[in-house]
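S.K.: Dumping the structure here so I can ask a few things about it.
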Amino acid sequence: MPVSEVIRRKRKELGLTQEQMAQRLGVSAPAVNKWERGSSYPDITILPALARLLNTDINTLLCFQEELSDEEIAQICNEIAAIMDEQGLETAFAAAEQKVREYPNCGKLLNMMASMVLEMLNMSGAWSTDKGKYKEKIYSWFERVIKCSGDEQVKNSAAHMLASEYIQEKEYEKAEKMIDSLPKQQADKRMLSARLLLAQEKYAEAAELVERKLIDVLNDLGAVLSMLMETALKENDTDRAEKIASAGEQTALLYDQWGYSSLILPMELALQKKDVEKSIAYIREMFRMLTAPQHMSESVFYCHIYGKEKSGRKYDEAMETYAKKILPGLLAEIKTEEGYAFLRGNEEFEELIRKYDK
């Protein structure tokens with residue numbers, strides 16, 4: 001908020017007229033009017049008295065520590081966008097600079113102005129032709145956000161943007177420094193690191209990071225689909241539940257997910273519907289997969305992860321041992337959990353359990 005607006009709002013909150021304020025400060029009413037219009041500013045010697053009169057402090061009066069609301073920042077962004085449409089890039093950039101000068105410590109605004117101007121430059125094509133004219137200023141705004149903002153989310157956003165720019169500029173040390181400053185749980189940190197490795201021609205390391213990211217994404221997607229299917233069942237929408245289960249199965253098959261991943265949602269659905277034939281078929285296939293060799297290293301999606309050795313053995317061999325260790329726990333669950341109760345006593349089911357429960 002500009003100084004002029006602070007003065008005007010504070011005066012009105014106290015119910016003072018411009019004349020009354022002028023009288024108490026020993027200045028003319030036109031002088032107060034000019035302050036509120038922003039055409040002039042109070043003399044430095046009068047600031048303490050002005051702050052006391054308005055029941056505030058000088059920092060607030062001069063906007064030294066002010067944080068704008070999200071609504072105010074959105075309004076400023078809209079104004080800059082309108083200037084870009086009507087008057088062009090240079091005028092919009094100048095307007096953004098002016099806002100940064102007015103609110104030099106507002107991290108959210110600095111980050112938005114830097115990001116917005118960067119986007120305008122890219123969209124207009126000016127980033128490739130006039131980069132030197134704007135780059136230093138934009139990068140300095142991001143750097144100020146990282147140094148002065150108390151909002152970790154805003155700081156991380158600025159660091160992420162700067163890292164991306166440094167990678168494009170082939171300033172890899174600076175990019176790595178920005179990436180290292182991001183918290184481990186930052187959603188896109190792994191992808192940003194992969195981009196840096198790719199730019200440095202460290203292809204295998206980049207691929208491994210991306211493969212692990214894919215596994216995380218697919219695990220998250222599986223959890224989301226499971227909840228969607230559960231919701232559909234609670235709403236008695238079986239058709240929707242079946243489509244969601246099918247989507248989960250096809251996704252797992254398409255992306256070569258490990259083991260019986262493709263069976264999880266269809267089997268959950270069969271159990272919920274108490275479909276004896278399908279439930280037994282899925283359990284049979286799950287047992288088969290757990291006792292058959294796994295060949296994940298042959299997948300085009302995970303060859304850098306599963307092609308590695310683990311504990312002195314190839315990953316596929318290690319995962320085969322792991323799969324067999326899962327089987328006893330799964331058998332115990334199937335024999336005791338309430339969700340499988342409708343199957344107990346079925347001759348085919350009992351024979352299946354006996355076959356693998358050795």
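Residue names in the structure tokens use chain letters A, B, ... in the order shown, residue numbers from 1 in each chain, and ligand numbers from 1 in the order shown.
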Would you mind listing what lies within 12 Å of Ala223 (chain A) as a list in words, with only C-alpha atoms counted and same-chain residues fewer than 3 positions away left out?
M.R.: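 Here the answer would be Asp216, Val217, Leu218, Asn219, Asp220, Ser226, Met227, Leu228, Met229, Glu230, Ile244, Ala245, Gly248, Ser261, Ile264 and Leu265 of chain A.
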S.K.: For the alpha helix (DSSP H) assignment from backbone DSSP, which residues of region 4-223 of chain A qualify? Please present them as a PyMOL selection string.
M.R.: chain A and resi 4-13+18-25+29-37+47-53+58-61+70-87+89-102+107-124+126-129+131-148+152-168+172-181+189-199+203-223
S.K.: For each of A:Ser193, A:Ser4, A:Thr336, A:Gln20, take the minimum atom-to-atom distance to Glu176 (chain A), counting only C-alpha atoms, then give the residue where this is smallest.
M.R.: A:Ser193
S.K.: Just the residues within 8 Å of region 23-29 of chain A, please, counting only C-alpha atoms, with nothing from its chain fewer than 3 positions along; format it as a list in words.
M.R.: Gln18, Glu19, Gln20, Val32, Asn33, Ile46, Ala49 and Leu50 of chain A
S.K.: Selected residues, N, CA and C atoms, written as a PDB file, in the first residue's frame, please.
M.R.:
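out-v5.pdb was written with the following content:
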```pdb
ATOM      1  N   GLN A  18      -9.123  16.391   6.640  1.00  0.00           N
ATOM      2  CA  GLN A  18      -7.793  16.854   6.243  1.00  0.00           C
ATOM      3  C   GLN A  18      -7.430  18.150   6.971  1.00  0.00           C
ATOM      4  N   GLU A  19      -8.425  19.013   7.173  1.00  0.00           N
ATOM      5  CA  GLU A  19      -8.192  20.286   7.862  1.00  0.00           C
ATOM      6  C   GLU A  19      -7.790  20.052   9.313  1.00  0.00           C
ATOM      7  N   GLN A  20      -8.500  19.129   9.983  1.00  0.00           N
ATOM      8  CA  GLN A  20      -8.183  18.844  11.385  1.00  0.00           C
ATOM      9  C   GLN A  20      -6.768  18.266  11.514  1.00  0.00           C
ATOM     10  N   VAL A  32      -1.731  18.321   3.208  1.00  0.00           N
ATOM     11  CA  VAL A  32      -2.265  17.000   3.543  1.00  0.00           C
ATOM     12  C   VAL A  32      -2.930  16.378   2.328  1.00  0.00           C
ATOM     13  N   ASN A  33      -3.653  17.202   1.562  1.00  0.00           N
ATOM     14  CA  ASN A  33      -4.319  16.723   0.347  1.00  0.00           C
ATOM     15  C   ASN A  33      -3.306  16.151  -0.648  1.00  0.00           C
ATOM     16  N   ILE A  46       8.600  15.714  10.168  1.00  0.00           N
ATOM     17  CA  ILE A  46       7.221  15.636  10.665  1.00  0.00           C
ATOM     18  C   ILE A  46       6.745  14.198  10.801  1.00  0.00           C
ATOM     19  N   ALA A  49       5.658  12.837  14.403  1.00  0.00           N
ATOM     20  CA  ALA A  49       4.382  13.416  14.841  1.00  0.00           C
ATOM     21  C   ALA A  49       3.221  12.857  14.029  1.00  0.00           C
ATOM     22  N   LEU A  50       3.436  12.688  12.723  1.00  0.00           N
ATOM     23  CA  LEU A  50       2.386  12.144  11.851  1.00  0.00           C
ATOM     24  C   LEU A  50       2.037  10.711  12.247  1.00  0.00           C
TER      25      LEU A  50
END
```
S.K.: For region 89-101 of chain A, find every residue with an atom within 8 Å (counting only C-alpha atoms), except residues of its own chain fewer than 3 positions away, and show them as a PyMOL selection string.
M.R.: chain A and resi 80-81+83-84+104+109-110+113+117+120-121
S.K.: Work out how far CA of Lys278 (chain A) is from CA of Glu348 (chain A), in Å to one decimal.
M.R.: 12.0 Å
S.K.: Applying 12 Å and only C-alpha atoms, which residues near Ala199 (chain A) remain after dropping the ones on its own chain fewer than 2 positions away? List them as a list in words.
M.R.: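 In the requested form, the answer reads Ser164, Tyr166, Ile167, Gln168, Glu169, Lys170, Glu171, Tyr172, Ala175, Glu176, Leu192, Ser193, Ala194, Arg195, Leu196, Leu197, Glu201, Lys202, Tyr203, Glu205 and Ala206 of chain A.
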S.K.: Taking only C-alpha atoms into account, name the residue in A:Ser39, A:Cys148, A:Leu53, A:Tyr260 that is nearest to Met286 (chain A).
M.R.: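 Among A:Ser39, A:Cys148, A:Leu53, A:Tyr260, it is A:Tyr260 that comes nearest to Met286 (chain A).
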S.K.: Determine, counting only C-alpha atoms, which protein, DNA and RNA residues have an atom within 12 Å of an atom of Met289 (chain A); residues of the same chain fewer than 3 positions away are not included. Present the result as a ChimeraX atom specification.
M.R.: /A:258-263,282-286,292-295,319-320,323-324,326-327
S.K.: Figure out the distance between CA of Gln186 (chain A) and CA of Gly150 (chain A), please, to one decimal in Å.
M.R.: 17.0 Å
S.K.: I need the residue nearest Gly88 (chain A) from this list: A:Leu352, A:Asn105, A:Gly345, A:Ser124. Use only C-alpha atoms for the distance.
M.R.: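 Ranked by minimum distance to Gly88 (chain A), first place goes to A:Ser124.
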S.K.: Give me the residues within 10 Å of Phe342 (chain A) as a list in words, counting only C-alpha atoms and dropping any in the same chain fewer than 4 places off.
M.R.: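 Result of the neighbour search: Leu271, Lys274, Asp275, Val276, Glu338 and Asn346 of chain A.
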S.K.: Go through A:Thr238, A:Gln75, A:Ser157, A:Asn55 one by one, measure the shortest atom-to-atom distance of each to Ser115 (chain A) using only C-alpha atoms, and give the residue with the smallest value.
M.R.: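 Using only C-alpha atoms, Ser115 (chain A) sits closest to A:Ser157.
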